[in-house]
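**Student:** This is the content of start_12.pdb (PDB, C-alpha atoms):
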```
MODEL        1
ATOM      1  CA  MET A 708      32.096 -72.381 -64.382  1.00  0.00           C
ATOM      2  CA  LYS A 709      33.194 -68.796 -65.031  1.00  0.00           C
ATOM      3  CA  ARG A 710      29.978 -68.162 -66.983  1.00  0.00           C
ATOM      4  CA  SER A 711      27.710 -69.311 -64.104  1.00  0.00           C
ATOM      5  CA  THR A 712      29.674 -67.112 -61.670  1.00  0.00           C
ATOM      6  CA  ASN A 713      29.096 -64.099 -63.932  1.00  0.00           C
ATOM      7  CA  ILE A 714      25.369 -64.857 -64.132  1.00  0.00           C
ATOM      8  CA  VAL A 715      25.132 -65.106 -60.342  1.00  0.00           C
ATOM      9  CA  LEU A 716      27.022 -61.801 -59.932  1.00  0.00           C
ATOM     10  CA  VAL A 717      24.783 -60.037 -62.466  1.00  0.00           C
ATOM     11  CA  CYS A 718      21.643 -61.379 -60.779  1.00  0.00           C
ATOM     12  CA  ALA A 719      22.925 -60.304 -57.369  1.00  0.00           C
ATOM     13  CA  LEU A 720      23.731 -56.833 -58.722  1.00  0.00           C
ATOM     14  CA  VAL A 721      20.249 -56.507 -60.260  1.00  0.00           C
ATOM     15  CA  VAL A 722      18.596 -57.563 -56.994  1.00  0.00           C
ATOM     16  CA  LEU A 723      20.779 -55.120 -55.033  1.00  0.00           C
ATOM     17  CA  LEU A 724      19.862 -52.266 -57.387  1.00  0.00           C
ATOM     18  CA  LEU A 725      16.150 -53.137 -57.106  1.00  0.00           C
ATOM     19  CA  VAL A 726      16.367 -53.093 -53.307  1.00  0.00           C
ATOM     20  CA  ILE A 727      18.198 -49.744 -53.324  1.00  0.00           C
ATOM     21  CA  PHE A 728      15.751 -48.078 -55.740  1.00  0.00           C
ATOM     22  CA  SER A 729      12.747 -49.530 -53.893  1.00  0.00           C
ATOM     23  CA  GLY A 730      14.128 -48.169 -50.622  1.00  0.00           C
ATOM     24  CA  ILE A 731      14.677 -44.718 -52.116  1.00  0.00           C
ATOM     25  CA  TYR A 732      11.155 -44.692 -53.550  1.00  0.00           C
ATOM     26  CA  PHE A 733       9.655 -45.881 -50.254  1.00  0.00           C
ATOM     27  CA  LEU A 734      11.529 -43.280 -48.176  1.00  0.00           C
ATOM     28  CA  ASN A 735      10.647 -40.511 -50.613  1.00  0.00           C
ATOM     29  CA  TYR A 736       6.991 -41.552 -50.600  1.00  0.00           C
ATOM     30  CA  GLN A 737       6.879 -41.675 -46.787  1.00  0.00           C
ATOM     31  CA  THR A 738       8.340 -38.197 -46.390  1.00  0.00           C
ATOM     32  CA  GLN A 739       5.713 -36.764 -48.738  1.00  0.00           C
ATOM     33  CA  ASN A 740       2.788 -38.060 -46.671  1.00  0.00           C
ATOM     34  CA  TYR A 741       3.575 -36.438 -43.320  1.00  0.00           C
ATOM     35  CA  PRO A 742       3.369 -33.798 -42.222  1.00  0.00           C
ATOM     36  CA  PHE A 743       0.522 -32.882 -44.549  1.00  0.00           C
ATOM     37  CA  ARG A 744      -0.490 -29.242 -44.175  1.00  0.00           C
ATOM     38  CA  CYS A 745      -2.773 -27.283 -46.446  1.00  0.00           C
ATOM     39  CA  SER A 746      -5.010 -24.254 -46.226  1.00  0.00           C
ATOM     40  CA  THR A 747      -7.858 -22.669 -48.151  1.00  0.00           C
ATOM     41  CA  PHE A 748     -10.978 -20.542 -47.843  1.00  0.00           C
ATOM     42  CA  SER A 749     -14.543 -21.807 -48.383  1.00  0.00           C
ATOM     43  CA  ARG A 750     -18.104 -20.606 -48.183  1.00  0.00           C
ATOM     44  CA  TYR A 751     -20.920 -22.852 -46.977  1.00  0.00           C
ATOM     45  CA  GLU A 752     -24.613 -22.070 -47.380  1.00  0.00           C
ATOM     46  CA  LEU A 753     -26.394 -24.407 -44.972  1.00  0.00           C
ATOM     47  CA  SER A 754     -29.913 -23.045 -44.931  1.00  0.00           C
ATOM     48  CA  ARG A 755     -32.289 -25.945 -44.529  1.00  0.00           C
ATOM     49  CA  SER A 756     -35.346 -23.852 -45.335  1.00  0.00           C
ATOM     50  CA  ALA A 757     -36.274 -20.341 -46.352  1.00  0.00           C
ATOM     51  CA  VAL A 758     -37.100 -19.650 -42.721  1.00  0.00           C
ATOM     52  CA  LYS A 759     -33.547 -19.931 -41.330  1.00  0.00           C
ATOM     53  CA  ASN A 760     -30.534 -18.570 -43.236  1.00  0.00           C
ATOM     54  CA  ILE A 761     -27.113 -19.991 -42.197  1.00  0.00           C
ATOM     55  CA  GLU A 762     -23.876 -19.166 -44.018  1.00  0.00           C
ATOM     56  CA  PHE A 763     -20.222 -19.725 -43.145  1.00  0.00           C
ATOM     57  CA  ALA A 764     -17.142 -18.012 -44.588  1.00  0.00           C
ATOM     58  CA  VAL A 765     -14.331 -20.198 -43.278  1.00  0.00           C
ATOM     59  CA  SER A 766     -10.580 -20.450 -43.580  1.00  0.00           C
ATOM     60  CA  HIS A 767      -9.516 -24.095 -43.252  1.00  0.00           C
ATOM     61  CA  ASP A 768      -6.070 -25.121 -42.082  1.00  0.00           C
ATOM     62  CA  LEU A 769      -5.784 -28.905 -42.262  1.00  0.00           C
ATOM     63  CA  ARG A 770      -2.773 -30.535 -40.623  1.00  0.00           C
ATOM     64  CA  PHE A 771      -1.980 -34.239 -40.428  1.00  0.00           C
ATOM     65  CA  GLU A 772       1.180 -34.032 -38.322  1.00  0.00           C
ATOM     66  CA  THR A 773       1.724 -37.810 -38.211  1.00  0.00           C
ATOM     67  CA  GLU A 774      -0.310 -40.826 -39.147  1.00  0.00           C
ATOM     68  CA  ASN A 775      -1.764 -40.771 -35.622  1.00  0.00           C
ATOM     69  CA  ASP A 776      -2.546 -37.123 -34.946  1.00  0.00           C
ATOM     70  CA  GLY A 777      -3.416 -33.790 -36.470  1.00  0.00           C
ATOM     71  CA  TYR A 778      -5.978 -31.028 -36.350  1.00  0.00           C
ATOM     72  CA  LEU A 779      -8.293 -28.894 -38.446  1.00  0.00           C
ATOM     73  CA  LEU A 780      -8.489 -25.173 -37.754  1.00  0.00           C
ATOM     74  CA  LEU A 781     -11.700 -23.382 -38.726  1.00  0.00           C
ATOM     75  CA  ASN A 782     -11.541 -19.589 -38.623  1.00  0.00           C
ATOM     76  CA  GLY A 783     -13.956 -17.080 -40.080  1.00  0.00           C
ATOM     77  CA  GLN A 784     -17.486 -15.985 -39.560  1.00  0.00           C
ATOM     78  CA  ALA A 785     -20.961 -17.410 -39.432  1.00  0.00           C
ATOM     79  CA  THR A 786     -24.072 -15.528 -40.435  1.00  0.00           C
ATOM     80  CA  VAL A 787     -27.285 -16.812 -38.905  1.00  0.00           C
ATOM     81  CA  ASP A 788     -30.490 -15.008 -39.872  1.00  0.00           C
ATOM     82  CA  GLY A 789     -28.562 -11.811 -40.615  1.00  0.00           C
ATOM     83  CA  GLN A 790     -26.576 -11.837 -37.368  1.00  0.00           C
ATOM     84  CA  THR A 791     -22.802 -12.303 -37.760  1.00  0.00           C
ATOM     85  CA  PHE A 792     -20.689 -14.383 -35.378  1.00  0.00           C
ATOM     86  CA  ILE A 793     -16.959 -15.099 -35.102  1.00  0.00           C
ATOM     87  CA  LEU A 794     -15.896 -18.696 -35.701  1.00  0.00           C
ATOM     88  CA  ASN A 795     -12.557 -19.873 -34.308  1.00  0.00           C
ATOM     89  CA  ARG A 796     -12.327 -23.580 -33.440  1.00  0.00           C
ATOM     90  CA  ARG A 797      -9.731 -26.312 -33.554  1.00  0.00           C
ATOM     91  CA  ILE A 798     -10.754 -29.909 -34.112  1.00  0.00           C
ATOM     92  CA  VAL A 799      -8.082 -32.063 -32.467  1.00  0.00           C
ATOM     93  CA  LEU A 800      -7.534 -35.419 -34.162  1.00  0.00           C
ATOM     94  CA  ASN A 801      -5.909 -38.623 -32.899  1.00  0.00           C
ATOM     95  CA  ASN A 802      -5.904 -42.401 -33.496  1.00  0.00           C
ATOM     96  CA  GLY A 803      -5.465 -41.777 -37.195  1.00  0.00           C
ATOM     97  CA  ALA A 804      -4.983 -44.287 -39.942  1.00  0.00           C
ATOM     98  CA  LYS A 805      -4.586 -44.215 -43.672  1.00  0.00           C
ATOM     99  CA  VAL A 806      -7.604 -46.199 -44.866  1.00  0.00           C
ATOM    100  CA  ASP A 807      -6.423 -46.553 -48.455  1.00  0.00           C
ATOM    101  CA  ASN A 808      -4.164 -44.780 -50.908  1.00  0.00           C
ATOM    102  CA  ASP A 809      -5.750 -41.350 -50.471  1.00  0.00           C
ATOM    103  CA  THR A 810      -8.197 -41.621 -47.535  1.00  0.00           C
ATOM    104  CA  TYR A 811      -7.371 -40.677 -43.955  1.00  0.00           C
ATOM    105  CA  LYS A 812      -9.562 -41.394 -40.941  1.00  0.00           C
ATOM    106  CA  TYR A 813      -9.050 -39.781 -37.522  1.00  0.00           C
ATOM    107  CA  LYS A 814     -10.944 -39.876 -34.254  1.00  0.00           C
ATOM    108  CA  ILE A 815     -12.089 -36.446 -33.104  1.00  0.00           C
ATOM    109  CA  ASP A 816     -10.492 -36.122 -29.680  1.00  0.00           C
ATOM    110  CA  LYS A 817     -11.982 -32.743 -28.805  1.00  0.00           C
ATOM    111  CA  ILE A 818     -13.097 -29.452 -30.286  1.00  0.00           C
ATOM    112  CA  ILE A 819     -11.464 -26.404 -28.753  1.00  0.00           C
ATOM    113  CA  LYS A 820     -13.492 -23.228 -28.906  1.00  0.00           C
ATOM    114  CA  SER A 821     -11.513 -19.980 -28.801  1.00  0.00           C
ATOM    115  CA  THR A 822     -12.469 -17.288 -26.307  1.00  0.00           C
ATOM    116  CA  ILE A 823     -13.422 -14.980 -29.193  1.00  0.00           C
ATOM    117  CA  ASP A 824     -15.671 -17.604 -30.837  1.00  0.00           C
ATOM    118  CA  ASN A 825     -19.302 -16.665 -30.306  1.00  0.00           C
ATOM    119  CA  THR A 826     -20.898 -18.900 -32.954  1.00  0.00           C
ATOM    120  CA  PRO A 827     -23.837 -20.828 -31.509  1.00  0.00           C
ATOM    121  CA  ASP A 828     -23.003 -24.516 -31.090  1.00  0.00           C
ATOM    122  CA  GLU A 829     -26.229 -25.461 -32.887  1.00  0.00           C
ATOM    123  CA  SER A 830     -25.024 -23.618 -36.005  1.00  0.00           C
ATOM    124  CA  PHE A 831     -21.468 -24.939 -35.743  1.00  0.00           C
ATOM    125  CA  ASN A 832     -22.805 -28.496 -35.507  1.00  0.00           C
ATOM    126  CA  LEU A 833     -24.440 -28.044 -38.926  1.00  0.00           C
ATOM    127  CA  LEU A 834     -21.037 -27.160 -40.398  1.00  0.00           C
ATOM    128  CA  LEU A 835     -19.423 -30.065 -38.568  1.00  0.00           C
ATOM    129  CA  ALA A 836     -22.025 -32.436 -40.025  1.00  0.00           C
ATOM    130  CA  GLU A 837     -20.978 -31.370 -43.534  1.00  0.00           C
ATOM    131  CA  ILE A 838     -17.335 -32.357 -43.041  1.00  0.00           C
ATOM    132  CA  THR A 839     -17.361 -35.322 -40.634  1.00  0.00           C
ATOM    133  CA  LEU A 840     -18.721 -38.843 -40.255  1.00  0.00           C
ATOM    134  CA  GLY A 841     -20.543 -37.730 -37.145  1.00  0.00           C
ATOM    135  CA  PRO A 842     -19.340 -36.187 -33.919  1.00  0.00           C
ATOM    136  CA  SER A 843     -16.639 -38.838 -33.421  1.00  0.00           C
ATOM    137  CA  TYR A 844     -14.690 -39.246 -36.681  1.00  0.00           C
ATOM    138  CA  LEU A 845     -13.200 -37.183 -39.492  1.00  0.00           C
ATOM    139  CA  GLN A 846     -12.587 -39.056 -42.726  1.00  0.00           C
ATOM    140  CA  LEU A 847     -11.105 -37.157 -45.653  1.00  0.00           C
ATOM    141  CA  ASP A 848     -10.061 -38.110 -49.145  1.00  0.00           C
ATOM    142  CA  VAL A 849      -6.909 -36.272 -50.200  1.00  0.00           C
ATOM    143  CA  ASP A 850      -6.567 -36.308 -53.996  1.00  0.00           C
ATOM    144  CA  LYS A 851      -3.592 -34.608 -55.598  1.00  0.00           C
ATOM    145  CA  VAL A 852      -4.658 -32.182 -58.340  1.00  0.00           C
ATOM    146  CA  ASP A 853      -1.265 -30.773 -59.306  1.00  0.00           C
ATOM    147  CA  GLU A 854       2.133 -30.084 -57.717  1.00  0.00           C
ATOM    148  CA  ASP A 855       0.920 -28.623 -54.393  1.00  0.00           C
ATOM    149  CA  SER A 856      -2.879 -28.519 -54.775  1.00  0.00           C
ATOM    150  CA  TYR A 857      -5.175 -31.135 -53.276  1.00  0.00           C
ATOM    151  CA  LEU A 858      -8.892 -31.834 -53.575  1.00  0.00           C
ATOM    152  CA  ILE A 859     -10.237 -32.648 -50.110  1.00  0.00           C
ATOM    153  CA  GLY A 860     -13.360 -34.769 -49.963  1.00  0.00           C
ATOM    154  CA  GLY A 861     -15.611 -35.506 -47.045  1.00  0.00           C
ATOM    155  CA  PRO A 862     -18.074 -38.339 -46.500  1.00  0.00           C
ATOM    156  CA  LEU A 863     -20.812 -36.618 -48.519  1.00  0.00           C
ATOM    157  CA  SER A 864     -18.982 -34.661 -51.212  1.00  0.00           C
ATOM    158  CA  TYR A 865     -15.803 -32.859 -52.088  1.00  0.00           C
ATOM    159  CA  LEU A 866     -15.296 -29.986 -49.660  1.00  0.00           C
ATOM    160  CA  PHE A 867     -12.501 -27.788 -50.969  1.00  0.00           C
ATOM    161  CA  ILE A 868      -9.260 -27.503 -52.888  1.00  0.00           C
ATOM    162  CA  CYS A 869      -6.310 -26.482 -50.739  1.00  0.00           C
ATOM    163  CA  GLN A 870      -2.714 -25.474 -51.249  1.00  0.00           C
ATOM    164  CA  ARG A 871      -0.105 -27.573 -49.449  1.00  0.00           C
ATOM    165  CA  TYR A 872       2.564 -25.650 -47.566  1.00  0.00           C
TER     166      TYR A 872
ENDMDL
END
```
Could you spell out this file's structure in structure tokens?
**Tutor:**
Amino acid sequence: MKRSTNIVLVCALVVLLLVIFSGIYFLNYQTQNYPFRCSTFSRYELSRSAVKNIEFAVSHDLRFETENDGYLLLNGQATVDGQTFILNRRIVLNNGAKVDNDTYKYKIDKIIKSTIDNTPDESFNLLLAEITLGPSYLQLDVDKVDEDSYLIGGPLSYLFICQRY
């Protein structure tokens, strides 16, 4: 009788320890996901032909504040056929969801154009097409490279490596 009581107590202790360690792991994992903030600088050469030259030098600031909302800041300059423009836009995201282990999908709620932004919308839309699933959704793969560096991938290809802060 004493032996069966000891076995039950040991099993209960093991189950309790598993629950505690699982809870610690789960809470630690959850706090690492959000908020997710990272920034980087990228250059895009989007010329579709030799006739029209379009280049962007852009600072990205990606922020997933919660699972449901976030935004992507794009600041820099656009060069279209030798003429330079200022780019300063915020893509506001909502209705987000984590699609799988490292993929996030958000609905693009609106794109806010700063008063100093003078980049033609036609040119900006080419950049937007490189990083989104269309004008309505942003889906990004977020792959950890090392401690605070992440490889961010879009629907067509990997876009940039950014530093989490």
**Student:** Written as a PyMOL selection string, which residues does the PyMOL selection byres ((chain A and resi 807) around 12) give for the file shown?
**Tutor:** chain A and resi 804-806+808-812+846-850
**Student:** Could you write out the selected residues, including C-alpha atoms, as a compact mmCIF listing (two decimals), in the coordinates of the input?
**Tutor:**
```
# COMPACT_ATOMS: atom_id res chain seq x y z
CA ALA A 804 -4.98 -44.29 -39.94
CA LYS A 805 -4.59 -44.22 -43.67
CA VAL A 806 -7.60 -46.20 -44.87
CA ASN A 808 -4.16 -44.78 -50.91
CA ASP A 809 -5.75 -41.35 -50.47
CA THR A 810 -8.20 -41.62 -47.54
CA TYR A 811 -7.37 -40.68 -43.96
CA LYS A 812 -9.56 -41.39 -40.94
CA GLN A 846 -12.59 -39.06 -42.73
CA LEU A 847 -11.10 -37.16 -45.65
CA ASP A 848 -10.06 -38.11 -49.14
CA VAL A 849 -6.91 -36.27 -50.20
CA ASP A 850 -6.57 -36.31 -54.00
```
**Student:** Go through A:Asn713, A:Ser864, A:Ser843, A:Gln790 and flag the residue nearest Lys817 (chain A), using only C-alpha atoms for the distances.
**Tutor:** A:Ser843
**Student:** For Lys820 (chain A), which of A:Gln870, A:Thr839, A:Asn782, A:Ser754 is the closest residue, counting all atoms listed in the file?
**Tutor:**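 Closest to Lys820 (chain A) of all the choices is A:Asn782.
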**Student:** Counting only C-alpha atoms, which of A:Leu753, A:Val722, A:Leu858, A:Ile868 gets nearest to Ala785 (chain A)?
**Tutor:**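 Smallest separation from Ala785 (chain A) among the options: A:Leu753.
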**Student:** Where does the PyMOL selection byres ((chain A and resi 803) around 7) land in this file, that is, which residues does it pick, as a compact mmCIF listing (two decimals) with C-alpha atoms, in the frame of the given file?
**Tutor:**
```
# COMPACT_ATOMS: atom_id res chain seq x y z
CA GLU A 774 -0.31 -40.83 -39.15
CA ASN A 775 -1.76 -40.77 -35.62
CA ASP A 776 -2.55 -37.12 -34.95
CA ASN A 801 -5.91 -38.62 -32.90
CA ASN A 802 -5.90 -42.40 -33.50
CA ALA A 804 -4.98 -44.29 -39.94
CA LYS A 805 -4.59 -44.22 -43.67
CA LYS A 812 -9.56 -41.39 -40.94
CA TYR A 813 -9.05 -39.78 -37.52
CA LYS A 814 -10.94 -39.88 -34.25
```
